[in-house]
Amino acid sequence: MANELAHLNDTQLMQNLQTLGTEFAKSGILGVSNPSQGLIVALTCYTEHISPIEFARTYHIVNGRLSMRADAMQAQFLRQGGRIRWLVSTNEKCEAVFSHPEYAPEGVTLSLTIEEMVDSGIAVDGRGQLKQTWKSFPRQMLRARVVSEGCRMLTPGIVAGVYTPEEAGEFGNTPARTLDLPKPREVPAQALPEPEPEPESTALDMEEVLLANEEAVNMYLAKIAWIKENQTWRNLSTGQKNKITAKLDSFITKAKAYVVSLEEEEEN
């Protein structure tokens, strides 16, 4: 997409990006519900030289703000040489050792508990009740917060200017801030090509995509009663996996849209 727009002047470029944003909103792709959110998607795809599918695997839009998925932060951290050793991951506590050969070779231990999240007000709503996402998925929410803190501490360049969906959902009553889009970068080796809008993924390995979107996938599967508590997509039957493979992109879009709807519901 970036190559196709490179020859345009600033005015033409913005007009084209706005048109793309409007089309994203009309189609409902990536959970985009209005042209403003669509423009954020188009701008991010342009500046980062990524396709809309790669955007979906990396970002959410929560309360009009760009947020990076915790699993995308973790993947970037590991690609940059970081290591995470999980010590505890339960519904009550998450603890892990983050290390990096250059920035923290000896490792840094980070931990969070559900009690700390409740005491700080992060995990409770305006009535003092545990938020639905924290009530239904405490282990995943704690893990996402620990990942965000560890990546932000050791390799802040990964998350400069953006937050996880869990963090962004807490800013609903704060003044809007300028969106800090990262500078253009070269397309990484593993990124998807950038052709015309892509059909349902057939070339992608299903398990790789589910793993990259694991938290959203598991939450959505629990919602539609395909898995039980403490199960994951790995517990699906062959028939269920075949159904997902047949419409993989739309399934991932629905899963992410469901998570975003929960986060927005908590803010209302």
# chains A, B, ... in the order shown; residues from 1 in each chain; ligands from 1
>>> residues_around(residues="region 206-214 of chain A", least_positions_apart="5", cutoff="9 Å", atoms="only C-alpha atoms", output="list of chain:residue names")
A:Arg57, A:Thr58, A:Arg69, A:Asp71, A:Ala72, A:Ala75, A:Ser201, A:Met219, A:Thr232, A:Trp233, A:Arg234, A:Lys241, A:Ile244, A:Thr245, A:Leu248, A:Ile252, A:Ala255, A:Lys256
>>> write_last_selection(atoms="N, CA, C and O atoms", output="mmCIF file, in the first residue's frame")
data_model
loop_
_atom_site.group_PDB
_atom_site.id
_atom_site.type_symbol
_atom_site.label_atom_id
_atom_site.label_comp_id
_atom_site.auth_asym_id
_atom_site.auth_seq_id
_atom_site.Cartn_x
_atom_site.Cartn_y
_atom_site.Cartn_z
ATOM 1 N N ARG A 57 -3.200 -8.300 13.244
ATOM 2 C CA ARG A 57 -2.444 -9.212 14.089
ATOM 3 C C ARG A 57 -1.618 -8.460 15.139
ATOM 4 O O ARG A 57 -1.041 -9.080 16.029
ATOM 5 N N THR A 58 -1.556 -7.130 15.010
ATOM 6 C CA THR A 58 -0.692 -6.352 15.892
ATOM 7 C C THR A 58 -1.447 -5.374 16.786
ATOM 8 O O THR A 58 -1.082 -5.187 17.949
ATOM 9 N N ARG A 69 -1.513 -5.132 20.732
ATOM 10 C CA ARG A 69 -1.853 -6.373 21.405
ATOM 11 C C ARG A 69 -0.684 -6.838 22.273
ATOM 12 O O ARG A 69 0.476 -6.712 21.900
ATOM 13 N N ASP A 71 0.195 -9.866 22.939
ATOM 14 C CA ASP A 71 0.953 -10.941 22.315
ATOM 15 C C ASP A 71 1.842 -10.413 21.194
ATOM 16 O O ASP A 71 2.905 -10.978 20.920
ATOM 17 N N ALA A 72 1.439 -9.294 20.549
ATOM 18 C CA ALA A 72 2.294 -8.679 19.538
ATOM 19 C C ALA A 72 3.519 -8.043 20.191
ATOM 20 O O ALA A 72 4.633 -8.127 19.665
ATOM 21 N N ALA A 75 5.828 -10.894 21.019
ATOM 22 C CA ALA A 75 6.499 -11.421 19.828
ATOM 23 C C ALA A 75 7.633 -10.505 19.381
ATOM 24 O O ALA A 75 8.726 -10.972 19.026
ATOM 25 N N SER A 201 -7.568 -16.209 4.401
ATOM 26 C CA SER A 201 -6.229 -16.771 4.446
ATOM 27 C C SER A 201 -6.282 -18.271 4.192
ATOM 28 O O SER A 201 -6.966 -19.001 4.877
ATOM 29 N N MET A 219 -10.871 -16.160 24.257
ATOM 30 C CA MET A 219 -12.007 -15.454 24.836
ATOM 31 C C MET A 219 -13.248 -15.602 23.960
ATOM 32 O O MET A 219 -14.361 -15.831 24.455
ATOM 33 N N THR A 232 -8.263 -24.128 25.780
ATOM 34 C CA THR A 232 -7.817 -23.199 24.761
ATOM 35 C C THR A 232 -8.218 -23.748 23.398
ATOM 36 O O THR A 232 -8.828 -24.814 23.295
ATOM 37 N N TRP A 233 -7.848 -23.015 22.340
ATOM 38 C CA TRP A 233 -8.168 -23.466 20.982
ATOM 39 C C TRP A 233 -7.536 -24.820 20.675
ATOM 40 O O TRP A 233 -7.980 -25.532 19.778
ATOM 41 N N ARG A 234 -6.508 -25.205 21.436
ATOM 42 C CA ARG A 234 -5.864 -26.500 21.214
ATOM 43 C C ARG A 234 -6.798 -27.664 21.544
ATOM 44 O O ARG A 234 -6.554 -28.798 21.117
ATOM 45 N N LYS A 241 -11.694 -27.025 14.020
ATOM 46 C CA LYS A 241 -10.515 -26.375 13.449
ATOM 47 C C LYS A 241 -10.669 -26.200 11.940
ATOM 48 O O LYS A 241 -10.251 -25.181 11.373
ATOM 49 N N ILE A 244 -12.808 -23.193 11.271
ATOM 50 C CA ILE A 244 -12.055 -21.948 11.459
ATOM 51 C C ILE A 244 -11.121 -21.709 10.280
ATOM 52 O O ILE A 244 -11.011 -20.599 9.754
ATOM 53 N N THR A 245 -10.433 -22.766 9.831
ATOM 54 C CA THR A 245 -9.496 -22.637 8.715
ATOM 55 C C THR A 245 -10.194 -22.143 7.463
ATOM 56 O O THR A 245 -9.637 -21.356 6.691
ATOM 57 N N LEU A 248 -10.648 -18.173 8.128
ATOM 58 C CA LEU A 248 -9.729 -17.818 9.204
ATOM 59 C C LEU A 248 -9.716 -16.325 9.483
ATOM 60 O O LEU A 248 -9.802 -15.891 10.629
ATOM 61 N N ILE A 252 -10.839 -14.434 13.007
ATOM 62 C CA ILE A 252 -9.939 -13.605 13.815
ATOM 63 C C ILE A 252 -10.534 -12.211 14.002
ATOM 64 O O ILE A 252 -10.464 -11.625 15.094
ATOM 65 N N ALA A 255 -13.192 -12.406 16.611
ATOM 66 C CA ALA A 255 -12.620 -12.587 17.944
ATOM 67 C C ALA A 255 -12.099 -11.269 18.501
ATOM 68 O O ALA A 255 -12.344 -10.923 19.659
ATOM 69 N N LYS A 256 -11.397 -10.510 17.666
ATOM 70 C CA LYS A 256 -10.858 -9.229 18.123
ATOM 71 C C LYS A 256 -11.974 -8.227 18.387
ATOM 72 O O LYS A 256 -11.913 -7.452 19.357
#
>>> residues_around(residues="region 17-19 of chain A", least_positions_apart="4", cutoff="7 Å", atoms="only C-alpha atoms", output="mmCIF file with all heavy atoms, in the first residue's frame")
data_model
loop_
_atom_site.group_PDB
_atom_site.id
_atom_site.type_symbol
_atom_site.label_atom_id
_atom_site.label_comp_id
_atom_site.auth_asym_id
_atom_site.auth_seq_id
_atom_site.Cartn_x
_atom_site.Cartn_y
_atom_site.Cartn_z
ATOM 1 N N LEU A 13 -2.336 12.290 -0.761
ATOM 2 C CA LEU A 13 -2.098 11.167 0.146
ATOM 3 C C LEU A 13 -3.167 11.114 1.230
ATOM 4 O O LEU A 13 -3.759 10.058 1.490
ATOM 5 C CB LEU A 13 -0.715 11.298 0.779
ATOM 6 C CG LEU A 13 -0.371 10.272 1.878
ATOM 7 C CD1 LEU A 13 -0.395 8.862 1.321
ATOM 8 C CD2 LEU A 13 0.998 10.595 2.478
ATOM 9 N N GLU A 23 -13.702 3.187 3.608
ATOM 10 C CA GLU A 23 -14.000 1.840 3.108
ATOM 11 C C GLU A 23 -13.826 0.790 4.210
ATOM 12 O O GLU A 23 -14.602 -0.155 4.306
ATOM 13 C CB GLU A 23 -13.101 1.508 1.914
ATOM 14 C CG GLU A 23 -13.390 2.341 0.677
ATOM 15 C CD GLU A 23 -14.845 2.226 0.229
ATOM 16 O OE1 GLU A 23 -15.361 1.094 0.181
ATOM 17 O OE2 GLU A 23 -15.463 3.266 -0.037
ATOM 18 N N LEU A 39 -9.336 5.692 9.416
ATOM 19 C CA LEU A 39 -8.182 6.518 9.059
ATOM 20 C C LEU A 39 -6.968 6.150 9.896
ATOM 21 O O LEU A 39 -5.832 6.131 9.399
ATOM 22 C CB LEU A 39 -8.525 8.002 9.242
ATOM 23 C CG LEU A 39 -7.393 8.995 8.934
ATOM 24 C CD1 LEU A 39 -6.907 8.846 7.499
ATOM 25 C CD2 LEU A 39 -7.858 10.429 9.193
ATOM 26 N N ALA A 42 -5.539 3.117 8.283
ATOM 27 C CA ALA A 42 -4.855 3.441 7.025
ATOM 28 C C ALA A 42 -3.532 4.146 7.277
ATOM 29 O O ALA A 42 -2.508 3.839 6.633
ATOM 30 C CB ALA A 42 -5.768 4.306 6.152
ATOM 31 N N LEU A 43 -3.509 5.099 8.219
ATOM 32 C CA LEU A 43 -2.272 5.820 8.540
ATOM 33 C C LEU A 43 -1.211 4.882 9.095
ATOM 34 O O LEU A 43 -0.032 4.961 8.734
ATOM 35 C CB LEU A 43 -2.561 6.928 9.557
ATOM 36 C CG LEU A 43 -3.179 8.218 9.019
ATOM 37 C CD1 LEU A 43 -3.696 9.075 10.174
ATOM 38 C CD2 LEU A 43 -2.171 9.003 8.192
#
>>> closest_residue(among="A:Asn218, A:Ser250, A:Ser33, A:Gln15", to="Ala56 (chain A)", atoms="only C-alpha atoms")
A:Ser250
>>> residues_around(residues="region 225-231 of chain A", least_positions_apart="2", cutoff="12 Å", atoms="only C-alpha atoms", output="list in words")
Thr90, Asn91, Ser136, Phe137, Pro138, Arg139, Gln140, Glu214, Glu215, Val217, Asn218, Met219, Tyr220, Leu221, Ala222, Lys223, Trp233, Arg234, Asn235, Leu236, Ser237, Gly239, Gln240, Lys241, Lys243 and Ile244 of chain A
